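> One file is attached below, my_file32.cif, containing mmCIF, C-alpha atoms.
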data_coords
loop_
_atom_site.label_atom_id
_atom_site.label_comp_id
_atom_site.auth_asym_id
_atom_site.auth_seq_id
_atom_site.Cartn_x
_atom_site.Cartn_y
_atom_site.Cartn_z
CA MET A 67 32.33 44.57 -8.24
CA ARG A 68 36.12 44.22 -8.20
CA VAL A 69 37.38 40.80 -9.18
CA ALA A 70 40.77 39.17 -9.77
CA ILE A 71 41.01 37.62 -13.24
CA VAL A 72 43.54 35.39 -14.99
CA ASN A 73 43.31 35.60 -18.78
CA GLU A 74 46.32 33.43 -19.48
CA PRO A 75 48.55 31.40 -17.14
CA GLY A 76 51.09 33.27 -15.03
CA ILE A 77 51.09 35.48 -11.94
CA LYS A 78 52.07 38.45 -14.10
CA ASN A 79 48.77 38.04 -15.96
CA LEU A 80 46.66 38.27 -12.79
CA THR A 81 44.75 41.57 -12.78
CA VAL A 82 41.92 43.16 -10.81
CA VAL A 83 39.04 44.41 -12.96
CA LYS A 84 35.45 45.56 -12.52
CA ARG A 85 32.54 43.30 -13.39
CA PRO A 86 28.75 43.62 -12.91
CA ASP A 87 27.52 42.44 -9.53
CA PRO A 88 25.94 38.97 -9.80
CA GLU A 89 22.33 38.20 -8.87
CA PRO A 90 21.19 35.03 -7.10
CA LYS A 91 18.72 32.77 -8.88
CA TYR A 92 16.40 30.15 -7.37
CA GLY A 93 18.19 28.23 -4.62
CA GLU A 94 21.22 30.55 -4.69
CA VAL A 95 22.83 32.90 -2.18
CA LEU A 96 24.76 36.11 -2.89
CA VAL A 97 27.75 36.59 -0.60
CA ARG A 98 29.83 39.72 -0.07
CA MET A 99 33.24 38.11 0.21
CA ARG A 100 35.30 39.52 3.08
CA ALA A 101 38.39 37.34 3.12
CA ALA A 102 40.16 34.53 1.30
CA THR A 103 43.22 32.46 2.11
CA LEU A 104 45.84 30.84 -0.09
CA ASN A 105 46.65 27.22 -0.75
CA TYR A 106 49.61 25.99 -2.76
CA ARG A 107 47.00 24.76 -5.22
CA ASP A 108 46.10 28.40 -5.96
CA LEU A 109 49.64 29.11 -7.08
CA LEU A 110 49.46 26.13 -9.42
CA THR A 111 46.09 27.09 -10.90
CA VAL A 112 47.17 30.68 -11.57
CA GLU A 113 50.16 29.28 -13.42
CA GLY A 114 48.05 26.74 -15.32
CA GLY A 115 49.67 23.84 -13.53
CA TYR A 116 46.64 21.54 -13.81
CA GLY A 117 46.51 21.78 -17.61
CA SER A 118 43.26 20.55 -19.11
CA LYS A 119 41.83 19.86 -15.66
CA GLN A 120 41.35 23.58 -14.99
CA ARG A 121 40.28 26.79 -16.68
CA THR A 122 43.00 29.17 -17.82
CA VAL A 123 41.03 31.92 -19.60
CA ASP A 124 38.75 34.48 -17.89
CA PHE A 125 39.31 32.59 -14.67
CA ILE A 126 38.73 33.79 -11.08
CA PRO A 127 41.22 32.04 -8.75
CA LEU A 128 41.25 31.02 -5.06
CA SER A 129 39.14 28.31 -3.49
CA ASP A 130 38.81 29.38 0.14
CA GLY A 131 36.69 32.34 1.17
CA ALA A 132 34.24 33.67 3.73
CA GLY A 133 31.85 36.59 3.90
CA ILE A 134 28.34 37.78 4.64
CA VAL A 135 25.03 37.02 2.93
CA THR A 136 23.62 40.09 1.17
CA GLN A 137 20.79 38.53 -0.86
CA VAL A 138 19.02 35.18 -1.12
CA GLY A 139 17.13 33.73 -4.06
CA GLU A 140 13.72 32.12 -3.93
CA GLY A 141 13.59 28.73 -2.27
CA VAL A 142 16.52 29.37 0.08
CA SER A 143 15.74 28.40 3.69
CA SER A 144 19.12 27.80 5.37
CA PHE A 145 20.48 31.35 5.13
CA LYS A 146 19.23 34.90 5.54
CA ILE A 147 20.66 38.35 4.88
CA GLY A 148 23.37 39.15 7.42
CA ASP A 149 24.48 35.55 8.04
CA ARG A 150 28.23 35.00 8.05
CA VAL A 151 29.15 32.10 5.80
CA VAL A 152 32.07 30.10 4.45
CA GLY A 153 32.12 28.20 1.16
CA ASN A 154 32.63 24.46 0.81
CA PHE A 155 35.63 23.52 -1.38
CA PHE A 156 33.91 20.89 -3.56
CA GLN A 157 30.56 22.48 -4.31
CA GLU A 158 28.94 19.26 -5.57
CA TRP A 159 30.54 16.69 -3.22
CA LEU A 160 27.84 16.63 -0.60
CA ALA A 161 28.42 13.28 1.17
CA GLY A 162 29.79 9.79 0.71
CA GLU A 163 32.66 8.83 -1.55
CA PRO A 164 34.00 11.11 -4.29
CA ASN A 165 33.35 10.43 -7.96
CA GLN A 166 34.52 11.86 -11.26
CA GLU A 167 31.75 14.45 -11.38
CA ASN A 168 31.82 15.90 -7.87
CA MET A 169 35.64 15.99 -7.92
CA LYS A 170 35.37 18.47 -10.79
CA SER A 171 33.45 20.97 -8.63
CA GLY A 172 36.36 22.47 -6.70
CA LEU A 173 36.28 26.25 -6.46
CA GLY A 174 39.11 28.06 -8.18
CA GLY A 175 39.78 25.18 -10.60
CA VAL A 176 37.15 24.37 -13.19
CA LEU A 177 34.69 26.62 -11.33
CA ASP A 178 35.44 30.28 -10.66
CA GLY A 179 36.94 30.93 -7.27
CA VAL A 180 36.34 33.51 -4.54
CA ALA A 181 38.79 36.31 -5.43
CA SER A 182 35.95 38.77 -5.98
CA GLU A 183 33.91 41.19 -3.92
CA TYR A 184 30.69 39.24 -4.56
CA ARG A 185 30.02 35.62 -5.43
CA VAL A 186 26.88 33.55 -5.91
CA PHE A 187 26.79 30.10 -4.31
CA PRO A 188 24.18 27.35 -4.38
CA GLU A 189 22.55 27.06 -0.97
CA TYR A 190 24.22 23.67 -0.42
CA GLY A 191 27.65 25.17 -1.20
CA LEU A 192 27.80 27.21 2.00
CA CYS A 193 28.05 26.67 5.76
CA HIS A 194 27.56 29.02 8.68
CA THR A 195 30.77 30.51 10.05
CA PRO A 196 31.53 29.58 13.69
CA LYS A 197 30.77 32.71 15.71
CA HIS A 198 34.15 32.90 17.46
CA LEU A 199 36.09 33.15 14.17
CA THR A 200 36.95 36.21 12.11
CA ASP A 201 36.24 36.12 8.39
CA ALA A 202 39.94 35.58 7.66
CA GLU A 203 40.06 32.67 10.11
CA ALA A 204 36.92 31.15 8.59
CA ALA A 205 38.44 31.51 5.13
CA ALA A 206 41.30 29.25 6.27
CA LEU A 207 38.96 26.27 6.66
CA PRO A 208 37.57 24.98 3.31
CA CYS A 209 40.66 23.32 1.84
CA ALA A 210 43.56 23.18 4.31
CA ALA A 211 41.53 22.51 7.45
CA LEU A 212 39.21 19.98 5.82
CA THR A 213 42.15 18.18 4.22
CA ALA A 214 43.83 17.93 7.62
CA TRP A 215 40.55 16.82 9.24
CA SER A 216 40.13 14.09 6.64
CA ALA A 217 43.69 12.87 7.22
CA ILE A 218 43.58 12.94 11.01
CA VAL A 219 39.96 12.06 11.79
CA ASP A 220 38.11 10.45 8.87
CA GLN A 221 40.92 8.51 7.22
CA GLY A 222 43.62 8.39 9.90
CA HIS A 223 41.18 7.42 12.68
CA THR A 224 43.46 9.12 15.21
CA LYS A 225 42.70 8.34 18.84
CA SER A 226 44.04 9.14 22.28
CA GLY A 227 47.57 7.83 22.78
CA ASP A 228 48.47 7.75 19.09
CA ILE A 229 51.62 9.40 17.78
CA VAL A 230 51.30 11.54 14.66
CA ILE A 231 53.98 13.20 12.51
CA THR A 232 53.20 16.48 10.76
CA GLN A 233 55.57 17.96 8.19
CA GLY A 234 56.32 21.65 7.94
CA THR A 235 54.30 24.63 9.14
CA GLY A 236 51.95 25.36 6.24
CA GLY A 237 48.19 25.46 6.58
CA VAL A 238 47.44 21.73 6.32
CA SER A 239 50.27 20.77 8.68
CA VAL A 240 49.28 23.25 11.38
CA PHE A 241 45.64 22.17 11.21
CA ALA A 242 46.76 18.53 11.36
CA LEU A 243 48.64 19.32 14.56
CA GLN A 244 45.59 21.02 16.07
CA PHE A 245 43.18 18.21 15.15
CA ALA A 246 45.61 15.53 16.33
CA LYS A 247 45.86 17.25 19.72
CA LEU A 248 42.06 17.46 19.92
CA SER A 249 42.05 13.69 19.33
CA GLY A 250 44.43 13.11 22.24
CA ALA A 251 47.52 12.23 20.20
CA GLN A 252 51.16 13.11 20.66
CA VAL A 253 52.54 15.11 17.75
CA ILE A 254 56.02 15.16 16.26
CA SER A 255 56.46 18.19 13.98
CA THR A 256 59.23 18.58 11.42
CA SER A 257 60.54 21.75 9.77
CA SER A 258 63.69 23.20 8.29
CA SER A 259 63.41 26.25 10.56
CA ASP A 260 64.12 26.27 14.29
CA VAL A 261 62.13 29.50 14.58
CA LYS A 262 59.07 27.85 13.04
CA LEU A 263 59.58 24.76 15.22
CA ASP A 264 59.54 26.95 18.32
CA ARG A 265 56.32 28.55 17.12
CA ILE A 266 54.62 25.26 16.35
CA SER A 267 55.68 23.97 19.77
CA SER A 268 53.83 26.91 21.30
CA ILE A 269 50.56 25.69 19.75
CA GLY A 270 50.89 22.10 20.87
CA ALA A 271 53.66 20.08 19.18
CA ASP A 272 55.12 17.62 21.71
CA HIS A 273 58.35 16.95 19.82
CA LYS A 274 60.16 18.83 17.09
CA ILE A 275 62.71 17.74 14.48
CA ASN A 276 64.73 19.98 12.17
CA TYR A 277 64.94 17.76 9.10
CA THR A 278 67.82 19.72 7.53
CA GLN A 279 69.96 18.98 10.58
CA ASN A 280 68.59 15.47 11.03
CA LYS A 281 68.41 13.71 7.66
CA ASN A 282 67.44 10.39 9.24
CA TRP A 283 64.51 11.82 11.16
CA ALA A 284 62.57 8.56 10.85
CA LYS A 285 64.95 6.97 13.38
CA THR A 286 64.45 9.90 15.75
CA ALA A 287 60.69 9.52 15.44
CA ARG A 288 60.92 5.80 16.14
CA ASP A 289 63.10 6.52 19.19
CA ILE A 290 60.44 8.93 20.47
CA SER A 291 57.89 6.10 20.10
CA ASN A 292 60.19 3.73 22.04
CA GLY A 293 60.92 1.79 18.88
CA ARG A 294 57.26 1.05 18.08
CA GLY A 295 56.89 3.48 15.20
CA VAL A 296 54.34 6.24 14.80
CA ASP A 297 50.68 5.62 14.00
CA LEU A 298 50.20 8.20 11.28
CA VAL A 299 52.29 10.50 9.09
CA VAL A 300 50.59 13.45 7.42
CA GLU A 301 52.77 13.49 4.30
CA VAL A 302 52.98 16.81 2.47
CA GLY A 303 56.56 16.64 1.23
CA GLY A 304 56.28 14.08 -1.52
CA ALA A 305 59.34 12.52 -3.09
CA GLY A 306 61.78 14.14 -0.70
CA THR A 307 60.15 12.82 2.47
CA LEU A 308 58.13 9.71 1.59
CA GLU A 309 60.84 7.16 2.33
CA GLN A 310 61.49 8.62 5.78
CA SER A 311 57.73 8.68 6.43
CA ILE A 312 57.42 4.99 5.56
CA LYS A 313 60.36 4.12 7.78
CA ALA A 314 58.90 6.10 10.68
CA VAL A 315 55.44 4.51 10.70
CA ARG A 316 54.62 1.40 12.72
CA PRO A 317 53.50 -1.92 11.25
CA GLY A 318 49.83 -1.46 10.40
CA GLY A 319 50.15 2.32 10.53
CA ALA A 320 49.23 4.84 7.86
CA VAL A 321 50.81 7.51 5.69
CA CYS A 322 48.24 10.01 4.42
CA LEU A 323 49.52 11.48 1.16
CA ILE A 324 48.53 15.09 0.67
CA GLY A 325 51.26 17.18 -0.96
CA VAL A 326 54.28 16.91 -3.24
CA LEU A 327 56.18 20.02 -2.17
CA SER A 328 59.56 18.35 -2.58
CA GLY A 329 58.77 16.50 -5.80
CA ALA A 330 56.19 14.22 -7.40
CA ASN A 331 58.19 11.22 -8.63
CA HIS A 332 59.72 8.76 -6.20
CA GLU A 333 61.12 5.24 -6.20
CA PHE A 334 60.68 3.61 -2.82
CA ARG A 335 61.08 0.05 -1.69
CA LEU A 336 57.70 -1.66 -1.85
CA PRO A 337 58.70 -4.35 0.69
CA LEU A 338 58.76 -1.62 3.36
CA VAL A 339 55.05 -1.14 2.73
CA VAL A 340 53.98 -4.71 2.01
CA THR A 341 55.79 -6.61 4.76
CA ARG A 342 54.74 -4.12 7.45
CA LYS A 343 51.12 -3.74 6.23
CA ILE A 344 51.45 0.02 5.95
CA ARG A 345 48.48 1.90 4.50
CA LEU A 346 49.27 4.59 1.92
CA GLU A 347 46.19 6.69 1.33
CA GLY A 348 45.60 9.82 -0.73
CA VAL A 349 43.68 12.72 0.81
CA THR A 350 41.88 15.31 -1.30
CA CYS A 351 39.91 17.68 0.91
CA GLY A 352 36.42 16.30 1.72
CA SER A 353 32.66 16.50 1.33
CA LEU A 354 30.10 18.99 2.62
CA GLU A 355 29.10 16.47 5.30
CA GLN A 356 32.71 16.22 6.51
CA PHE A 357 33.01 20.01 6.41
CA GLN A 358 29.94 20.40 8.61
CA ASN A 359 31.28 17.83 11.09
CA MET A 360 34.60 19.66 11.25
CA LEU A 361 32.92 23.03 11.77
CA ARG A 362 30.94 21.64 14.69
CA SER A 363 34.15 20.41 16.30
CA ILE A 364 35.89 23.73 15.71
CA ASP A 365 32.94 25.53 17.27
CA GLN A 366 32.79 23.18 20.25
CA HIS A 367 36.50 23.45 21.03
CA LYS A 368 36.76 27.13 20.00
CA LEU A 369 39.75 26.23 17.84
CA ARG A 370 41.37 29.15 16.04
CA PRO A 371 43.33 28.76 12.80
CA ALA A 372 46.92 29.96 12.65
CA LEU A 373 47.26 32.90 10.24
CA ASP A 374 50.54 34.25 8.96
CA ASP A 375 51.59 37.64 10.31
CA ARG A 376 51.47 39.11 6.80
CA GLN A 377 48.09 39.79 5.23
CA PHE A 378 47.38 41.16 1.75
CA SER A 379 44.66 43.04 -0.13
CA LEU A 380 42.97 41.82 -3.32
CA ASP A 381 45.23 44.14 -5.34
CA GLU A 382 48.24 42.52 -3.69
CA LEU A 383 47.23 38.98 -4.69
CA PRO A 384 50.24 38.51 -7.02
CA ALA A 385 52.61 39.50 -4.21
CA ALA A 386 50.79 37.15 -1.83
CA LEU A 387 51.24 34.23 -4.23
CA GLU A 388 54.93 35.01 -4.63
CA TYR A 389 55.24 35.15 -0.85
CA MET A 390 53.65 31.71 -0.63
CA ARG A 391 56.18 30.44 -3.16
CA THR A 392 59.05 31.42 -0.85
CA GLY A 393 57.75 29.14 1.92
CA LYS A 394 58.43 31.79 4.57
CA HIS A 395 54.85 31.84 5.83
CA PHE A 396 53.49 30.14 8.94
CA GLY A 397 49.95 28.81 8.74
CA LYS A 398 47.56 30.44 6.28
CA ILE A 399 48.10 33.60 4.22
CA ALA A 400 44.99 35.79 4.32
CA ILE A 401 43.65 38.08 1.59
CA ASN A 402 41.35 40.87 2.74
CA ILE A 403 38.71 41.55 0.09
#
As structure tokens, how would this structure be written, given the file I've shared?


Amino acid sequence: MRVAIVNEPGIKNLTVVKRPDPEPKYGEVLVRMRAATLNYRDLLTVEGGYGSKQRTVDFIPLSDGAGIVTQVGEGVSSFKIGDRVVGNFFQEWLAGEPNQENMKSGLGGVLDGVASEYRVFPEYGLCHTPKHLTDAEAAALPCAALTAWSAIVDQGHTKSGDIVITQGTGGVSVFALQFAKLSGAQVISTSSSDVKLDRISSIGADHKINYTQNKNWAKTARDISNGRGVDLVVEVGGAGTLEQSIKAVRPGGAVCLIGVLSGANHEFRLPLVVTRKIRLEGVTCGSLEQFQNMLRSIDQHKLRPALDDRQFSLDELPAALEYMRTGKHFGKIAINI
């Protein structure tokens, strides 16, 4: 099989080589990977950005992939040859709260990822692909969609009539918009690009704010909420946006912390959080149980992920990662395997 390998940190060291096809053992499933999608995390892992918390030698990157079952090992009952499947991000986080062990089971981190023509998964590490989705669309779900689902549904408890802020137009933010609309919420979307704001409006955003033209966008968001403040902010910006997010949220509201695209270190005024009983909560993907719940909702509502107009082949993976770095994409960047 053809497989993308990193032998030392750096995009320039990412190469496609040939390896023997794997064989499934007891309780395992062999999948012919058809598509993968990129997360910002993949750029960091290829560059060794997680240090000792990841592998950096003889390492297969990318966490999110989908394909078709080509072989099943003994003892497997949930899948058969020909089934279309998508992998769960944390292979060992099956349900309940995370712990130190299951948080180490993310694909494309400590474990090899999905940037290969074939990959063996444990039976419990896979889910059936919703029938209305393409393989590339299904490959958009394991990390970005589940992270957004956790923020909006499981941790944000979004309900009809709520007001939610999403930041930017990357994969998590677009999914957060879609899930918030399914929950009956109004959505305020921010971006630095009017073109992207127009596009995100076309898939459901009720209000749009260009944060480069409106530095004090928290006030605008509060005005939209008639001075009440928003119920939830899906925070992907980090240091550059956190203060505005805190100012925008209502007393008793929540800021779900997901990304640090604009920086990791920030000094904000704690009284803004304490005196208004604001909940700051980290979100790191989710469990297999949450993934299955999300897939059922996606299937029921026939939701389709937003994919960027540009798609890449496995050989073009370095170029795809560089494209992600530019921030020019909208939604998820797909890799056809």

> How would you write, as a PDB file with C-alpha atoms, in the coordinates of the input, the residues chosen by the PyMOL selection byres ((chain A and resi 294) around 12) on this structure?


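Writing the result to part11.pdb gives the following:
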ATOM      1  CA  ASP A 228      48.470   7.750  19.090  1.00  0.00           C
ATOM      2  CA  ILE A 229      51.620   9.400  17.780  1.00  0.00           C
ATOM      3  CA  ALA A 284      62.570   8.560  10.850  1.00  0.00           C
ATOM      4  CA  LYS A 285      64.950   6.970  13.380  1.00  0.00           C
ATOM      5  CA  THR A 286      64.450   9.900  15.750  1.00  0.00           C
ATOM      6  CA  ALA A 287      60.690   9.520  15.440  1.00  0.00           C
ATOM      7  CA  ARG A 288      60.920   5.800  16.140  1.00  0.00           C
ATOM      8  CA  ASP A 289      63.100   6.520  19.190  1.00  0.00           C
ATOM      9  CA  ILE A 290      60.440   8.930  20.470  1.00  0.00           C
ATOM     10  CA  SER A 291      57.890   6.100  20.100  1.00  0.00           C
ATOM     11  CA  ASN A 292      60.190   3.730  22.040  1.00  0.00           C
ATOM     12  CA  GLY A 293      60.920   1.790  18.880  1.00  0.00           C
ATOM     13  CA  GLY A 295      56.890   3.480  15.200  1.00  0.00           C
ATOM     14  CA  VAL A 296      54.340   6.240  14.800  1.00  0.00           C
ATOM     15  CA  ASP A 297      50.680   5.620  14.000  1.00  0.00           C
ATOM     16  CA  LYS A 313      60.360   4.120   7.780  1.00  0.00           C
ATOM     17  CA  ALA A 314      58.900   6.100  10.680  1.00  0.00           C
ATOM     18  CA  VAL A 315      55.440   4.510  10.700  1.00  0.00           C
ATOM     19  CA  ARG A 316      54.620   1.400  12.720  1.00  0.00           C
ATOM     20  CA  PRO A 317      53.500  -1.920  11.250  1.00  0.00           C
ATOM     21  CA  GLY A 318      49.830  -1.460  10.400  1.00  0.00           C
ATOM     22  CA  GLY A 319      50.150   2.320  10.530  1.00  0.00           C
TER      23      GLY A 319
END

> Just give me the gap between atom CA of A:Leu80 and atom CA of A:Val112 in Å, one decimal is fine.

7.7 Å

> What do you get, as a PyMOL selection string, if you spell out every residue that the PyMOL selection byres ((chain A and resi 184-200) around 9) selects here?

chain A and resi 67-69+87-100+132-133+138+142-145+149-158+160+179-183+201-205+354+357-358+361-362+364-365+368-371

> A:Gly237: which residues within 9 Å, counting all atoms listed in the file, same-chain residues fewer than 3 positions away excluded, as an MDAnalysis selection string?

chainID A and resid 104:105 206 210:211 214 240:242 371:373 396:399

> Find the distance between atom CA of A:Thr103 and atom CA of A:Glu167 and write it in Å to one decimal.

25.3 Å

> Calculated over all atoms listed in the file, which of the candidates A:Thr81, A:Thr111, A:Ser379, A:Ser129 has the smallest distance to A:Cys209?

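Of all the options, A:Ser129 lies closest to A:Cys209.
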
> Could you expand the PyMOL selection byres ((chain A and resi 320) around 6) into the explicit residues it covers here, written as a list in words?

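Matching residues under the PyMOL selection byres ((chain A and resi 320) around 6) are Leu298, Gly319, Val321, Ile344, Arg345 and Leu346 of chain A.
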
> Of the candidates A:Cys322, A:Ile218, A:Ala101, A:Met390, which one gets nearest to A:Ala251 if we count all atoms listed in the file?

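Checking each candidate against A:Ala251, we get A:Ile218 as the closest.
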
> Report the distance between atom CA of A:Gln366 and atom CA of A:Ala246 in Å, rounded to one decimal place.

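According to the coordinates, atom CA of A:Gln366 and atom CA of A:Ala246 are separated by 15.4 Å.
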
> Measuring between only C-alpha atoms, which one of A:Glu301, A:Asp124, A:Asp220, A:Glu309 shows the shortest distance to A:Thr232?

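Of A:Glu301, A:Asp124, A:Asp220, A:Glu309, the one nearest A:Thr232, counting only C-alpha atoms, is A:Glu301.
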
> Do you know which residues are at most 12 Å from A:Val302 counting only C-alpha atoms, after dropping those on the same chain fewer than 2 positions away, and could you put them as a short mmCIF file (atom, residue, chain, number, x, y, z; two decimals) with C-alpha atoms, in the coordinates of the input?


data_model
loop_
_atom_site.label_atom_id
_atom_site.label_comp_id
_atom_site.auth_asym_id
_atom_site.auth_seq_id
_atom_site.Cartn_x
_atom_site.Cartn_y
_atom_site.Cartn_z
CA TYR A 106 49.61 25.99 -2.76
CA ALA A 210 43.56 23.18 4.31
CA THR A 213 42.15 18.18 4.22
CA ALA A 214 43.83 17.93 7.62
CA ALA A 217 43.69 12.87 7.22
CA ILE A 231 53.98 13.20 12.51
CA THR A 232 53.20 16.48 10.76
CA GLN A 233 55.57 17.96 8.19
CA GLY A 234 56.32 21.65 7.94
CA THR A 235 54.30 24.63 9.14
CA GLY A 236 51.95 25.36 6.24
CA GLY A 237 48.19 25.46 6.58
CA VAL A 238 47.44 21.73 6.32
CA SER A 239 50.27 20.77 8.68
CA VAL A 240 49.28 23.25 11.38
CA ALA A 242 46.76 18.53 11.36
CA THR A 256 59.23 18.58 11.42
CA SER A 257 60.54 21.75 9.77
CA VAL A 299 52.29 10.50 9.09
CA VAL A 300 50.59 13.45 7.42
CA GLY A 304 56.28 14.08 -1.52
CA ALA A 305 59.34 12.52 -3.09
CA GLY A 306 61.78 14.14 -0.70
CA THR A 307 60.15 12.82 2.47
CA LEU A 308 58.13 9.71 1.59
CA SER A 311 57.73 8.68 6.43
CA VAL A 321 50.81 7.51 5.69
CA CYS A 322 48.24 10.01 4.42
CA LEU A 323 49.52 11.48 1.16
CA ILE A 324 48.53 15.09 0.67
CA GLY A 325 51.26 17.18 -0.96
CA VAL A 326 54.28 16.91 -3.24
CA LEU A 327 56.18 20.02 -2.17
CA SER A 328 59.56 18.35 -2.58
CA GLY A 329 58.77 16.50 -5.80
CA ALA A 330 56.19 14.22 -7.40
CA GLY A 348 45.60 9.82 -0.73
CA VAL A 349 43.68 12.72 0.81
CA THR A 350 41.88 15.31 -1.30
#

> If you count all atoms listed in the file, which residues fall within 9 Å of stretch 273-275 of chain A, apart from same-chain ones fewer than 5 positions away, as a PyMOL selection string?

chain A and resi 252-258+260+263-264+266-267+280+283+286-287+290

> With all atoms listed in the file counted, which protein, DNA or RNA residues have an atom no more than 6 Å from (41.5, 38.7, 3.1) in the file frame? Please answer as an MDAnalysis selection string.

chainID A and resid 101:102 202 400:403

> Tell me which protein, DNA and RNA residues are within 8 Å of A:Glu74, counting all atoms listed in the file, leaving out same-chain ones fewer than 4 positions away, and put them as a PyMOL selection string.

chain A and resi 79+122-124

> Where's the centre, and what are the edge lengths in Å to one decimal, of a box along x, y and z enclosing all listed atoms of stretch 77-90 of chain A padded 8 Å per side, as JSON?


{"center_x": 36.6, "center_y": 40.3, "center_z": -11.5, "size_x": 46.9, "size_y": 26.5, "size_z": 24.9}

> Between A:Gly172, A:Gly148, A:Gln356, A:Asp381, which has the minimum distance to A:Arg107 (counting all atoms listed in the file)?

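Ranking A:Gly172, A:Gly148, A:Gln356, A:Asp381 by distance to A:Arg107, first place goes to A:Gly172.
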